[in-house]
file protein33.cif (mmCIF, C-alpha atoms)
data_input
#
loop_
_atom_site.label_atom_id
_atom_site.label_comp_id
_atom_site.auth_asym_id
_atom_site.auth_seq_id
_atom_site.Cartn_x
_atom_site.Cartn_y
_atom_site.Cartn_z
CA MET S 1 120.82 78.39 96.55
CA GLN S 2 120.80 81.95 97.85
CA ASN S 3 117.61 83.45 99.24
CA ARG S 4 115.72 85.87 97.05
CA ILE S 5 114.52 88.78 99.14
CA LEU S 6 112.51 91.82 98.09
CA ILE S 7 112.31 94.95 100.20
CA VAL S 8 109.46 97.05 98.91
CA GLY S 9 108.37 100.53 99.93
CA ILE S 10 104.75 101.55 99.63
CA GLY S 11 103.38 105.07 100.02
CA ASN S 12 102.82 108.50 98.59
CA GLU S 13 105.96 110.63 98.76
CA PHE S 14 103.89 113.83 98.73
CA MET S 15 101.68 113.05 101.74
CA GLY S 16 103.76 113.62 104.87
CA ASP S 17 104.56 110.43 106.76
CA ASP S 18 103.01 108.35 103.98
CA ALA S 19 106.35 108.90 102.21
CA LEU S 20 108.00 106.41 104.59
CA GLY S 21 108.05 103.47 102.14
CA PRO S 22 109.55 105.28 99.13
CA ALA S 23 111.90 107.31 101.36
CA THR S 24 113.17 104.14 103.06
CA ILE S 25 113.91 102.44 99.73
CA ALA S 26 115.85 105.52 98.56
CA ARG S 27 117.70 105.68 101.89
CA PHE S 28 118.54 101.96 101.80
CA ALA S 29 119.79 102.23 98.20
CA SER S 30 122.10 105.13 98.98
CA GLY S 31 123.18 104.19 102.51
CA TYR S 32 123.46 100.40 102.68
CA ASP S 33 125.07 97.51 100.85
CA PHE S 34 123.08 94.28 100.69
CA THR S 35 123.83 90.68 99.78
CA PRO S 36 123.18 90.30 96.01
CA ALA S 37 119.98 88.31 96.68
CA VAL S 38 118.25 91.48 97.90
CA GLU S 39 116.23 93.67 95.55
CA LEU S 40 114.91 97.09 96.56
CA LYS S 41 111.72 98.36 94.94
CA ASP S 42 109.65 101.52 95.41
CA LEU S 43 106.10 100.59 94.41
CA GLY S 44 104.51 103.95 95.16
CA LEU S 45 100.93 103.24 96.16
CA GLY S 46 101.42 99.49 95.74
CA GLY S 47 98.15 97.62 95.47
CA ILE S 48 97.88 94.91 92.86
CA ARG S 49 101.27 95.91 91.36
CA LEU S 50 102.83 94.02 94.28
CA LEU S 51 101.62 90.74 92.72
CA ASP S 52 104.22 91.08 89.97
CA TYR S 53 107.04 90.95 92.53
CA LEU S 54 105.95 88.22 94.98
CA SER S 55 106.46 85.04 92.96
CA GLY S 56 109.69 83.13 93.49
CA ARG S 57 110.71 85.10 96.58
CA ASP S 58 111.80 83.58 99.82
CA ALA S 59 110.74 86.71 101.63
CA VAL S 60 109.16 90.07 100.95
CA LEU S 61 109.65 92.84 103.48
CA ILE S 62 107.14 95.65 103.03
CA ILE S 63 107.84 99.10 104.44
CA ASP S 64 104.82 101.35 104.95
CA VAL S 65 103.52 103.97 107.33
CA LEU S 66 100.80 102.90 109.75
CA ASP S 67 97.71 104.83 110.82
CA ILE S 68 96.58 102.99 113.94
CA ALA S 69 94.33 104.72 116.46
CA GLY S 70 95.69 104.65 119.98
CA ARG S 71 99.30 103.98 118.96
CA ALA S 72 102.01 106.60 119.44
CA PRO S 73 103.53 108.28 116.37
CA GLY S 74 107.02 106.88 115.79
CA GLU S 75 106.24 103.39 117.12
CA VAL S 76 107.80 100.66 114.94
CA ILE S 77 105.54 97.65 114.47
CA ARG S 78 106.13 94.30 112.71
CA PHE S 79 103.27 92.30 111.19
CA SER S 80 103.71 88.73 109.94
CA LYS S 81 101.88 87.50 106.86
CA ALA S 82 99.42 85.64 109.10
CA GLU S 83 98.64 88.88 110.93
CA LEU S 84 98.26 90.76 107.65
CA VAL S 85 95.71 88.35 106.21
CA SER S 86 93.59 88.01 109.35
CA GLY S 87 90.85 90.47 110.22
CA PRO S 88 89.09 92.96 107.95
CA PRO S 89 90.47 93.70 104.47
CA GLY S 90 91.87 97.12 105.30
CA ALA S 91 91.62 100.50 103.67
CA ARG S 92 91.53 100.97 99.93
CA LEU S 93 92.52 104.06 98.01
CA SER S 94 89.83 103.43 95.40
CA PRO S 95 87.12 100.82 94.83
CA HIS S 96 89.28 99.41 92.00
CA GLU S 97 92.36 98.88 94.18
CA LEU S 98 93.13 95.82 96.32
CA SER S 99 94.11 96.21 99.97
CA LEU S 100 97.38 94.65 101.13
CA LYS S 101 95.43 91.77 102.69
CA GLU S 102 93.51 91.11 99.48
CA THR S 103 96.75 91.23 97.46
CA MET S 104 98.38 88.63 99.76
CA LEU S 105 95.35 86.33 99.59
CA LEU S 106 95.11 86.63 95.80
CA ALA S 107 98.84 85.90 95.40
CA ASP S 108 98.48 82.73 97.47
CA LYS S 109 95.40 81.66 95.50
CA LEU S 110 97.32 82.13 92.24
CA GLY S 111 100.34 80.25 93.58
CA ALA S 112 102.43 83.40 93.37
CA GLY S 113 102.73 84.19 97.08
CA ALA S 114 106.13 84.61 98.67
CA ALA S 115 107.12 82.12 101.36
CA GLY S 116 107.53 84.85 103.96
CA VAL S 117 105.93 88.28 103.98
CA VAL S 118 106.51 90.81 106.73
CA LEU S 119 105.24 94.36 107.03
CA PHE S 120 107.39 96.82 108.93
CA GLY S 121 105.66 100.06 109.68
CA ILE S 122 106.05 103.16 111.74
CA VAL S 123 102.97 104.83 113.16
CA GLY S 124 102.63 108.14 111.35
CA LYS S 125 101.66 111.52 112.71
CA THR S 126 100.91 113.69 109.69
CA PHE S 127 99.50 112.86 106.28
CA ASP S 128 99.17 116.41 104.95
CA MET S 129 100.09 117.18 101.35
CA GLY S 130 103.73 118.29 101.08
CA SER S 131 104.47 118.21 104.80
CA GLY S 132 107.44 115.81 104.73
CA LEU S 133 108.26 113.20 107.37
CA SER S 134 107.36 114.16 110.95
CA ASP S 135 110.04 114.43 113.62
CA GLU S 136 108.57 111.37 115.39
CA LEU S 137 108.88 109.27 112.27
CA ARG S 138 112.42 110.48 111.53
CA ALA S 139 113.48 109.62 115.08
CA ALA S 140 112.20 106.05 114.57
CA LEU S 141 114.21 105.36 111.40
CA PRO S 142 117.21 103.77 113.20
CA ALA S 143 114.83 101.34 114.95
CA LEU S 144 113.22 100.50 111.60
CA ASP S 145 116.65 99.87 110.05
CA ALA S 146 117.60 97.59 112.95
CA ALA S 147 114.33 95.64 112.64
CA VAL S 148 114.82 95.13 108.89
CA ALA S 149 118.46 94.09 109.40
CA ALA S 150 117.42 91.55 112.06
CA GLU S 151 114.77 90.09 109.75
CA LEU S 152 117.26 89.82 106.88
CA SER S 153 119.76 88.03 109.12
CA ARG S 154 117.19 85.23 109.59
CA PHE S 155 117.70 84.53 105.88
CA GLY S 156 121.48 84.79 106.01
CA VAL S 157 121.37 88.18 104.31
CA THR S 158 123.52 91.09 105.38
CA MET S 159 122.74 94.81 105.40
CA ARG S 160 125.81 96.97 105.98
CA LEU S 161 126.22 100.72 106.13
CA LYS S 162 128.10 102.04 103.11
CA ARG S 163 131.32 103.81 103.89
CA PRO S 164 131.41 107.45 102.89
CA PRO S 165 133.89 108.17 100.05
CA GLY S 166 137.36 108.67 101.45
CA SER S 167 136.74 106.65 104.61
CA GLU S 168 138.20 103.39 103.33
CA PRO S 169 140.94 102.00 105.58
CA LEU S 170 144.52 102.62 104.48
CA GLU S 171 146.51 99.57 103.54
#
call {"tool": "encode", "arguments": {"input": "protein33.cif", "output": "structure tokens"}}
result
Amino acid sequence: MQNRILIVGIGNEFMGDDALGPATIARFASGYDFTPAVELKDLGLGGIRLLDYLSGRDAVLIIDVLDIAGRAPGEVIRFSKAELVSGPPGARLSPHELSLKETMLLADKLGAGAAGVVLFGIVGKTFDMGSGLSDELRAALPALDAAVAAELSRFGVTMRLKRPPGSEPLE
């Protein structure tokens, strides 16, 4: 049986570097070919909506920007599920919204948690309305792509650059 993998982007596309998740999903969809077992999903601000997509997955790779004091903008960081669910619950956008940690714990409690969850993030620099991705974050995108590809390879899944139209080899 082939692995079922979800790559999900979380973030607000109008808030500077917070657009990383949705922008990565769009970039992956247009620039890469994946093994059929891979599904790409832009969940916007995420939260409890993520629960609907966890069940029955072998792995869920979450792409989100990170706001970590003392870390350099553009740094790519990988968090395992164990790291995500340890420590304080994390920031919420509203008192009615679950944090990523709370979502993971609830999914496990309901028996809907994915076997493997990994968060890939890049430390952001700017979160201003309409500012677009910072230069530091853009420069880190190849490292993010390589980290995601390496994680996918652990599940026997491939991620290949699409060939631009007209670049197919001649036979």
call {"tool": "atom_distance", "arguments": {"input": "protein33.cif", "atom1": "CA of Phe34 (chain S)", "atom2": "CA of Ile77 (chain S)"}}
result
22.6 Å
call {"tool": "resolve_selection", "arguments": {"input": "protein33.cif", "expression": "the PyMOL selection byres ((chain S and resi 160) around 9)", "output": "PDB file with C-alpha atoms, in the coordinates of the input"}}
result
ATOM      1  CA  GLY S  31     123.180 104.190 102.510  1.00  0.00           C
ATOM      2  CA  TYR S  32     123.460 100.400 102.680  1.00  0.00           C
ATOM      3  CA  ASP S  33     125.070  97.510 100.850  1.00  0.00           C
ATOM      4  CA  PHE S  34     123.080  94.280 100.690  1.00  0.00           C
ATOM      5  CA  ALA S 149     118.460  94.090 109.400  1.00  0.00           C
ATOM      6  CA  THR S 158     123.520  91.090 105.380  1.00  0.00           C
ATOM      7  CA  MET S 159     122.740  94.810 105.400  1.00  0.00           C
ATOM      8  CA  LEU S 161     126.220 100.720 106.130  1.00  0.00           C
ATOM      9  CA  LYS S 162     128.100 102.040 103.110  1.00  0.00           C
TER      10      LYS S 162
END
call {"tool": "closest_residue", "arguments": {"input": "protein33.cif", "among": "S:Leu137, S:Ala147, S:Val76, S:Leu152", "to": "Gly16 (chain S)", "atoms": "only C-alpha atoms"}}
result
S:Leu137
call {"tool": "closest_residue", "arguments": {"input": "protein33.cif", "among": "S:Asp17, S:Glu39, S:Asp67, S:Glu83", "to": "Ala140 (chain S)", "atoms": "only C-alpha atoms"}}
result
S:Asp17
call {"tool": "closest_residue", "arguments": {"input": "protein33.cif", "among": "S:Leu54, S:Leu6, S:Met15, S:Leu144", "to": "Arg27 (chain S)", "atoms": "all atoms listed in the file"}}
result
S:Leu144
call {"tool": "atom_distance", "arguments": {"input": "protein33.cif", "atom1": "CA of Ala139 (chain S)", "atom2": "CA of Ile68 (chain S)"}}
result
18.2 Å
call {"tool": "resolve_selection", "arguments": {"input": "protein33.cif", "expression": "the PyMOL selection byres ((chain S and resi 66) around 6)", "output": "ChimeraX atom specification"}}
result
/S:65,67-68,121-124
call {"tool": "atom_distance", "arguments": {"input": "protein33.cif", "atom1": "CA of Gly9 (chain S)", "atom2": "CA of Leu50 (chain S)"}}
result
10.2 Å
call {"tool": "residues_around", "arguments": {"input": "protein33.cif", "residues": "Gly116 (chain S)", "least_positions_apart": "2", "cutoff": "9 Å", "atoms": "all atoms listed in the file", "output": "list of chain:residue names"}}
result
S:Arg57, S:Asp58, S:Ala59, S:Val60, S:Leu61, S:Ser80, S:Lys81, S:Gly113, S:Ala114, S:Val118
call {"tool": "resolve_selection", "arguments": {"input": "protein33.cif", "expression": "the PyMOL selection byres ((chain S and resi 11) around 6)", "output": "list in words"}}
result
Ile10, Asn12, Asp18, Ala19, Gly21, Gly44 and Leu45 of chain S
call {"tool": "closest_residue", "arguments": {"input": "protein33.cif", "among": "S:Pro36, S:Gly56, S:Pro73, S:Gly132", "to": "Leu20 (chain S)", "atoms": "all atoms listed in the file"}}
result
S:Gly132
call {"tool": "closest_residue", "arguments": {"input": "protein33.cif", "among": "S:Phe155, S:Phe120, S:Phe79, S:Phe127", "to": "Ala143 (chain S)", "atoms": "all atoms listed in the file"}}
result
S:Phe120
call {"tool": "closest_residue", "arguments": {"input": "protein33.cif", "among": "S:Leu84, S:Thr35, S:Lys125, S:Ala29", "to": "Arg71 (chain S)", "atoms": "all atoms listed in the file"}}
result
S:Lys125
